[in-house]
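Coordinates from target-v5.txt are shown below (compact mmCIF, C-alpha atoms).
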# COMPACT_ATOMS: atom_id res chain seq x y z
CA MET A 1 55.13 108.85 191.34
CA PRO A 2 56.18 112.15 193.00
CA TYR A 3 57.75 114.80 190.83
CA THR A 4 59.50 118.09 191.34
CA TYR A 5 58.19 121.36 189.97
CA PRO A 6 59.81 122.97 188.21
CA PRO A 7 61.76 120.01 186.90
CA ALA A 8 65.52 120.08 187.11
CA ALA A 9 67.37 121.40 184.08
CA PRO A 10 68.66 118.71 181.75
CA THR A 11 72.32 117.86 182.03
CA ILE A 12 74.44 117.79 178.90
CA SER A 13 77.78 116.14 178.38
CA GLY A 14 79.91 115.55 175.35
CA ASP A 15 81.14 118.07 172.78
CA ASN A 16 78.73 117.04 170.04
CA ILE A 17 75.61 117.51 172.16
CA THR A 18 76.90 120.80 173.59
CA ILE A 19 77.64 122.22 170.14
CA SER A 20 74.32 121.00 168.78
CA ARG A 21 72.52 122.72 171.64
CA PHE A 22 74.45 125.91 170.90
CA LEU A 23 73.51 125.79 167.22
CA LYS A 24 69.85 125.16 168.01
CA ASP A 25 69.65 128.28 170.19
CA PRO A 26 69.50 131.43 168.00
CA ASN A 27 69.96 133.63 171.08
CA LEU A 28 73.39 132.09 171.78
CA ILE A 29 74.35 132.49 168.11
CA ALA A 30 73.16 136.12 168.13
CA ARG A 31 75.16 136.92 171.25
CA ARG A 32 78.32 135.42 169.79
CA LEU A 33 77.91 137.22 166.46
CA ARG A 34 77.32 140.50 168.28
CA GLU A 35 80.57 140.07 170.20
CA ILE A 36 82.45 139.67 166.93
CA ALA A 37 80.59 142.29 164.91
CA GLU A 38 80.71 145.08 167.50
CA GLN A 39 84.49 145.01 167.25
CA ARG A 40 84.44 145.52 163.49
CA PHE A 41 81.48 147.55 162.19
CA ILE A 42 82.48 151.14 161.45
CA ALA A 43 79.30 152.10 159.57
CA ASP A 44 77.32 152.18 162.82
CA VAL A 45 80.03 154.24 164.51
CA LEU A 46 80.04 156.92 161.81
CA LEU A 47 76.30 156.91 161.12
CA THR A 48 74.99 156.81 164.67
CA GLY A 49 71.31 157.55 163.98
CA ARG A 50 68.94 154.57 164.22
CA TYR A 51 65.87 154.56 162.00
CA ASP A 52 63.13 152.09 161.09
CA ALA A 53 62.67 151.64 157.35
CA THR A 54 59.07 150.44 157.55
CA GLY A 55 57.89 149.09 154.22
CA GLY A 56 61.38 148.86 152.77
CA ALA A 57 62.13 152.57 152.39
CA ILE A 58 62.69 155.69 154.43
CA ALA A 59 61.95 159.32 153.58
CA TYR A 60 64.13 162.00 155.16
CA GLU A 61 65.20 165.59 154.73
CA GLN A 62 68.81 166.32 153.94
CA GLY A 63 70.82 169.42 154.74
CA GLU A 64 68.18 171.30 156.74
CA SER A 65 69.51 174.59 158.10
CA ILE A 66 69.38 175.29 161.83
CA TYR A 67 68.38 178.90 161.10
CA SER A 68 65.17 180.57 160.02
CA ASP A 69 65.13 182.21 156.59
CA ARG A 70 65.23 185.73 158.01
CA ALA A 71 67.09 187.24 160.94
CA PRO A 72 65.25 188.93 163.83
CA GLU A 73 64.35 192.58 163.30
CA ALA A 74 63.88 195.49 165.65
CA VAL A 75 60.21 195.72 166.65
CA ALA A 76 58.75 199.10 167.58
CA PRO A 77 56.42 199.31 170.61
CA GLY A 78 52.94 198.16 169.62
CA ALA A 79 54.11 197.04 166.17
CA GLU A 80 53.43 193.65 164.66
CA TYR A 81 56.25 191.13 164.65
CA PRO A 82 57.59 190.38 161.13
CA LEU A 83 57.14 186.85 159.84
CA THR A 84 59.83 184.51 158.59
CA SER A 85 59.51 181.31 156.62
CA ILE A 86 61.14 178.11 157.87
CA SER A 87 62.78 176.22 155.03
CA GLU A 88 63.07 172.47 155.13
CA GLY A 89 65.83 170.29 153.77
CA THR A 90 65.80 168.51 150.44
CA GLU A 91 63.50 165.49 150.61
CA GLN A 92 65.21 162.18 149.92
CA ILE A 93 64.05 158.56 149.76
CA ALA A 94 66.29 155.54 150.34
CA ARG A 95 65.37 151.89 149.84
CA THR A 96 66.72 149.06 151.95
CA VAL A 97 68.72 146.11 150.66
CA LYS A 98 68.74 142.67 152.27
CA TRP A 99 72.30 141.46 152.73
CA GLY A 100 72.70 137.86 153.86
CA ARG A 101 74.47 134.54 153.55
CA ASP A 102 74.14 130.93 154.71
CA SER A 103 76.90 128.59 155.85
CA GLU A 104 76.66 124.84 156.20
CA ILE A 105 78.22 123.07 159.18
CA THR A 106 78.16 119.29 158.87
CA ASP A 107 77.88 116.81 161.73
CA GLU A 108 81.17 115.31 160.59
CA SER A 109 83.04 118.62 160.94
CA ILE A 110 81.62 119.10 164.44
CA ALA A 111 82.54 115.57 165.48
CA ARG A 112 86.09 115.90 164.18
CA ARG A 113 86.92 119.54 164.98
CA LYS A 114 84.48 120.32 167.80
CA MET A 115 83.62 124.05 168.02
CA ASP A 116 86.22 125.19 165.50
CA PRO A 117 84.03 125.00 162.35
CA VAL A 118 81.26 126.90 164.13
CA ASN A 119 83.60 129.71 165.24
CA ARG A 120 85.19 129.92 161.81
CA ALA A 121 81.83 130.09 160.06
CA MET A 122 80.55 132.85 162.36
CA THR A 123 83.75 134.87 162.13
CA LYS A 124 83.87 134.69 158.34
CA GLN A 125 80.20 135.56 157.98
CA VAL A 126 80.59 138.59 160.23
CA ASN A 127 83.77 139.69 158.44
CA GLN A 128 82.00 139.53 155.10
CA MET A 129 78.93 141.32 156.45
CA VAL A 130 81.15 144.07 157.87
CA LYS A 131 83.08 144.43 154.63
CA THR A 132 79.91 144.68 152.58
CA VAL A 133 77.84 146.99 154.79
CA ASP A 134 80.81 149.19 155.70
CA GLY A 135 81.72 149.48 152.03
CA VAL A 136 78.18 150.57 151.14
CA ALA A 137 78.03 153.06 154.02
CA LEU A 138 81.44 154.57 153.25
CA ALA A 139 80.52 154.83 149.57
CA ALA A 140 77.37 156.74 150.57
CA ILE A 141 79.42 159.07 152.77
CA THR A 142 81.97 159.58 150.00
CA SER A 143 79.30 160.51 147.45
CA GLN A 144 77.32 162.81 149.77
CA VAL A 145 80.15 164.65 151.52
CA THR A 146 81.42 167.10 148.92
CA GLN A 147 83.45 169.51 151.05
CA THR A 148 87.10 168.83 150.26
CA SER A 149 90.56 170.21 150.90
CA ALA A 150 93.99 168.84 150.08
CA ALA A 151 96.63 167.83 152.61
CA SER A 152 99.60 170.17 152.78
CA SER A 153 101.75 167.20 151.77
CA SER A 154 101.47 163.43 151.84
CA TRP A 155 101.14 162.15 155.40
CA SER A 156 103.78 159.53 154.60
CA SER A 157 106.39 162.10 153.55
CA GLY A 158 107.90 162.58 156.99
CA THR A 159 107.54 166.37 156.65
CA ALA A 160 103.74 166.50 156.72
CA THR A 161 101.85 168.69 159.18
CA ILE A 162 99.12 166.14 159.90
CA LEU A 163 97.70 167.77 163.00
CA ARG A 164 97.52 171.16 161.29
CA ASP A 165 95.77 169.66 158.25
CA VAL A 166 93.17 168.06 160.50
CA LEU A 167 92.63 171.05 162.77
CA ARG A 168 92.21 173.40 159.82
CA VAL A 169 89.43 171.18 158.51
CA VAL A 170 87.84 171.06 161.97
CA ALA A 171 87.92 174.86 162.01
CA GLN A 172 86.31 175.02 158.55
CA ILE A 173 83.47 172.73 159.61
CA ARG A 174 82.84 174.73 162.77
CA ALA A 175 83.01 177.98 160.75
CA LEU A 176 79.90 176.85 158.86
CA ASN A 177 78.13 177.81 162.09
CA GLU A 178 75.58 175.02 161.65
CA GLY A 179 76.18 173.42 165.04
CA TYR A 180 78.59 170.73 163.85
CA ASP A 181 81.37 169.64 166.21
CA PRO A 182 83.73 167.13 164.52
CA ASN A 183 84.70 164.21 166.76
CA THR A 184 86.00 161.50 164.39
CA ILE A 185 88.56 161.07 161.63
CA VAL A 186 88.49 157.98 159.42
CA VAL A 187 91.55 156.78 157.50
CA ASP A 188 92.70 153.62 155.75
CA ASP A 189 95.08 151.23 157.50
CA ILE A 190 98.25 152.52 155.80
CA THR A 191 97.41 156.12 156.65
CA TRP A 192 96.68 155.01 160.21
CA ALA A 193 100.20 153.59 160.42
CA ASN A 194 101.65 156.82 159.03
CA VAL A 195 99.77 158.93 161.58
CA MET A 196 100.72 156.69 164.50
CA SER A 197 104.40 156.84 163.59
CA ASP A 198 104.53 160.53 162.66
CA PRO A 199 107.42 162.06 164.67
CA GLN A 200 105.78 165.47 165.05
CA ILE A 201 102.68 163.97 166.65
CA ALA A 202 104.75 161.56 168.75
CA ASN A 203 106.67 164.50 170.24
CA LEU A 204 103.40 166.04 171.42
CA LEU A 205 102.19 162.95 173.29
CA LYS A 206 102.84 162.23 176.95
CA ARG A 207 105.30 159.44 177.61
CA GLU A 208 104.95 159.19 181.37
CA ASP A 209 101.58 157.42 181.40
CA GLY A 210 102.66 154.71 178.94
CA LEU A 211 99.65 155.33 176.68
CA ALA A 212 101.58 156.50 173.63
CA PRO A 213 101.14 154.37 170.47
CA ILE A 214 104.71 153.10 170.70
CA TYR A 215 103.73 151.26 173.89
CA THR A 216 100.09 150.34 173.35
CA GLY A 217 99.64 150.09 169.57
CA ASN A 218 96.55 152.27 170.00
CA PHE A 219 96.14 155.88 168.99
CA PRO A 220 94.63 158.21 171.61
CA SER A 221 92.07 160.89 170.86
CA ILE A 222 93.81 164.09 169.81
CA ALA A 223 92.18 167.52 169.88
CA GLY A 224 88.89 165.81 170.66
CA LEU A 225 89.10 163.59 167.56
CA ARG A 226 88.95 159.81 167.60
CA PHE A 227 91.08 158.22 164.85
CA LEU A 228 89.43 155.14 163.28
CA PRO A 229 91.13 152.91 160.70
CA THR A 230 89.21 150.82 158.17
CA PRO A 231 90.25 148.86 155.07
CA ASN A 232 86.93 149.69 153.38
CA ILE A 233 87.46 153.34 152.36
CA PRO A 234 86.44 153.44 148.68
CA VAL A 235 88.96 156.13 147.68
CA ALA A 236 92.55 155.51 148.76
CA GLY A 237 94.50 158.43 150.15
CA THR A 238 91.40 160.14 151.57
CA ALA A 239 90.67 160.94 155.20
CA PHE A 240 87.24 161.90 156.50
CA VAL A 241 86.75 164.36 159.35
CA LEU A 242 83.16 164.30 160.60
CA ASP A 243 80.65 164.86 163.35
CA SER A 244 79.33 161.34 163.89
CA THR A 245 76.44 162.59 166.03
CA GLN A 246 74.89 164.49 163.11
CA LEU A 247 76.20 162.97 159.87
CA GLY A 248 73.42 160.41 159.46
CA GLY A 249 72.34 156.93 160.44
CA MET A 250 71.48 153.38 159.47
CA ALA A 251 67.87 152.63 158.55
CA ASP A 252 67.08 148.98 159.28
CA GLU A 253 63.96 147.16 158.17
CA LYS A 254 62.44 144.51 160.43
CA LEU A 255 61.17 141.61 158.34
CA ALA A 256 58.64 139.01 159.36
CA GLY A 257 59.76 135.43 159.62
CA PRO A 258 60.02 132.84 162.39
CA GLY A 259 63.29 131.86 163.99
CA TYR A 260 65.24 135.08 163.47
CA VAL A 261 66.87 136.73 166.47
CA SER A 262 68.41 140.19 166.56
CA ALA A 263 72.09 140.40 167.48
CA GLY A 264 71.20 143.45 169.58
CA GLY A 265 73.78 145.72 171.14
CA SER A 266 74.97 148.57 168.93
CA ILE A 267 74.03 146.64 165.76
CA PRO A 268 70.40 145.59 166.30
CA GLY A 269 69.81 145.27 162.56
CA VAL A 270 71.90 142.10 162.28
CA GLU A 271 69.70 139.01 162.55
CA VAL A 272 70.65 135.35 162.77
CA LYS A 273 68.91 132.04 162.34
CA THR A 274 69.95 128.40 162.55
CA ILE A 275 68.27 125.72 160.45
CA ARG A 276 68.68 122.00 161.03
CA ASP A 277 68.73 119.92 157.83
CA ASP A 278 68.35 116.29 158.89
CA ASN A 279 68.31 115.15 155.27
CA LYS A 280 71.96 116.18 154.97
CA ASP A 281 73.07 115.87 158.62
CA LEU A 282 74.08 119.50 158.93
CA PHE A 283 73.19 122.90 160.33
CA ARG A 284 72.68 126.00 158.19
CA LEU A 285 73.86 129.16 159.91
CA ARG A 286 72.28 132.30 158.45
CA SER A 287 72.99 135.97 159.07
CA ARG A 288 71.30 138.93 157.42
CA ARG A 289 70.89 142.67 157.66
CA VAL A 290 68.19 144.63 155.85
CA THR A 291 69.46 148.18 155.87
CA VAL A 292 70.37 151.34 154.01
CA PRO A 293 72.83 154.04 155.13
CA ILE A 294 71.54 157.61 154.96
CA VAL A 295 73.53 160.85 155.15
CA ILE A 296 71.30 163.53 156.65
CA GLU A 297 73.85 166.31 157.19
CA PRO A 298 76.50 166.19 154.42
CA LYS A 299 78.14 169.36 155.74
CA ALA A 300 78.95 167.55 158.98
CA GLY A 301 81.78 165.82 157.09
CA TRP A 302 84.87 166.94 155.19
CA LYS A 303 87.35 165.07 153.00
CA ILE A 304 91.09 165.53 153.15
CA THR A 305 92.65 164.29 149.90
CA GLY A 306 96.24 163.41 149.13
CA VAL A 307 96.99 161.95 152.54
Please re-express this file's structure in structure tokens.
Amino acid sequence: MPYTYPPAAPTISGDNITISRFLKDPNLIARRLREIAEQRFIADVLLTGRYDATGGAIAYEQGESIYSDRAPEAVAPGAEYPLTSISEGTEQIARTVKWGRDSEITDESIARRKMDPVNRAMTKQVNQMVKTVDGVALAAITSQVTQTSAASSSWSSGTATILRDVLRVVAQIRALNEGYDPNTIVVDDITWANVMSDPQIANLLKREDGLAPIYTGNFPSIAGLRFLPTPNIPVAGTAFVLDSTQLGGMADEKLAGPGYVSAGGSIPGVEVKTIRDDNKDLFRLRSRRVTVPIVIEPKAGWKITGV
């Protein structure tokens, strides 16, 4: 009997078969989880470095100066150049933690509610992963960044000088003369609302282009700073001004194990796997991330308290 090579792709019809095919393909699951997670993770936006924690730990140097220990000296003709030592940062070691969770999706729920239980399970898993990993990363930043100044007054008072508070901190970070250039400010959701509605800032924004927060609900970059809100700041009433290019990074460990697929994109450390359990007529949807946040340059960040 004649046959065609390569054979035609199988045709699929019916919601149940389509959803089952989706759940059996980890690459499709990974792509969908990445789409959700990339909109939420703030840890990977603040700690932009990407490191491999081979063996479950990573060694790094913290707070290394960009200068040699001694300044250049005048050298007489024919004289020997003076030596200078090159100090290294404080050596640190961080161990990874495996964060993960399974969800069960029964055949009955798929038959009765189609794709809805799958979407809900993925969204909730990603939300919980974001909350956990972001909380750990922000706690690490909070503990390592020790430079602090107080706001002139509460940013909800209506008389606060928010922009001045922020720009003064930017100036203090740059005055360290260590090559830091702050580009991000992180606040909680309530503070975000206070900043967006602050009348002094609103009066400085252009109205003609229709990009002001009152029209878009989004806050533009101001003075080169991107404002990012998150509900996971461990200390309420604190804003963080930082240089996200130098503050630190996320060290992810790649584990062995069949069936896991990386979500890829800006969060390659997130892995997913689907497991069919025919004994119970259900799918198990698993997501995990084996990671540890590390702060390499604590002086690249500054806290503003009392906001």
Residue neighbourhood stretch 94-97 of chain A, 7 Å, all atoms listed in the file, exclusion window fewer than 3 positions, as a ChimeraX atom specification: /A:56-59,290-292
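If only C-alpha atoms are the atoms counted, then among A:Glu73, A:Asp181, A:Asp188, A:Glu104 the closest residue to A:Phe240 is A:Asp188.
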Nearest to A:Ala121: which of A:Pro182, A:Asp134, A:Ala251, A:Ile105 is it, counting only C-alpha atoms?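 Comparing A:Pro182, A:Asp134, A:Ala251, A:Ile105 against A:Ala121, the winner is A:Ile105.
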When you look at stretch 86-88 of chain A with a cut-off of 10 Å (counting all atoms listed in the file), what residues show up, excluding the ones that are within fewer than 6 positions of it in the same chain? I need them as number ranges by chain. A: 61-70
If we count all atoms listed in the file, what is near A:Thr159 at a cut-off of 9 Å, once residues fewer than 6 positions away on the same chain are taken out, given as a list in words? Ser153, Asp198 and Gln200 of chain A
Counting all atoms listed in the file, what is within 10 Å of A:Pro298, bar same-chain residues fewer than 4 positions away, as number ranges by chain? A: 62-63, 141-147, 242-243, 246-248, 294, 302
Name the residues within 10 Å of (68.3, 144.4, 158.7), counting all atoms listed in the file in the file's coordinates, and put them as a list in words. Asp52, Ala53, Thr96, Val97, Lys98, Trp99, Gly100, Met250, Ala251, Asp252, Glu253, Lys254, Leu255, Ser262, Ile267, Pro268, Gly269, Val270, Glu271, Ser287, Arg288, Arg289, Val290, Thr291 and Val292 of chain A
Minimum-distance residue to A:Thr245, chosen among A:Thr274, A:Thr106, A:Asn119, A:Asn183 (using all atoms listed in the file):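 Nearest candidate to A:Thr245 out of A:Thr274, A:Thr106, A:Asn119, A:Asn183: A:Asn183.
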Could you work out how far atom CA of A:Val241 lies from atom CA of A:Val170, giving the answer in Å with one decimal?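 One can read the atom CA of A:Val170 to atom CA of A:Val241 distance as 7.3 Å.
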What is the distance between atom CA of A:Tyr51 and atom CA of A:Gly249, in Å to one decimal?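 Separating atom CA of A:Tyr51 from atom CA of A:Gly249 is a distance of 7.1 Å.
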Could you tell me how far atom CA of A:Thr230 sits from atom CA of A:Thr123, in Å to one decimal place? 17.3 Å
Ranking A:Met129, A:Val235, A:Met115, A:Ala140 by minimum distance to A:Ile296 and counting all atoms listed in the file, which one comes first?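 Of A:Met129, A:Val235, A:Met115, A:Ala140, the one nearest A:Ile296, counting all atoms listed in the file, is A:Ala140.
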Please work out which residues fall within 12 Å of (71.6, 118.7, 152.9), coordinates as given in the file, with all atoms listed in the file counting, and return them as a list in words.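 Residues found, by chain and rising number: Ser103, Glu104, Ile105, Thr106, Asp107, Ile275, Arg276, Asp277, Asp278, Asn279, Lys280, Asp281, Leu282, Phe283 and Arg284 of chain A.
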Looking at all atoms listed in the file, which of A:Leu167, A:Leu47, A:Arg120, A:Ser197 is the one that sits closest to A:Val133? A:Leu47
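Closest to A:Glu91 among A:Tyr60, A:Met196, A:Ala160, A:Leu204 is A:Tyr60, based on all atoms listed in the file.
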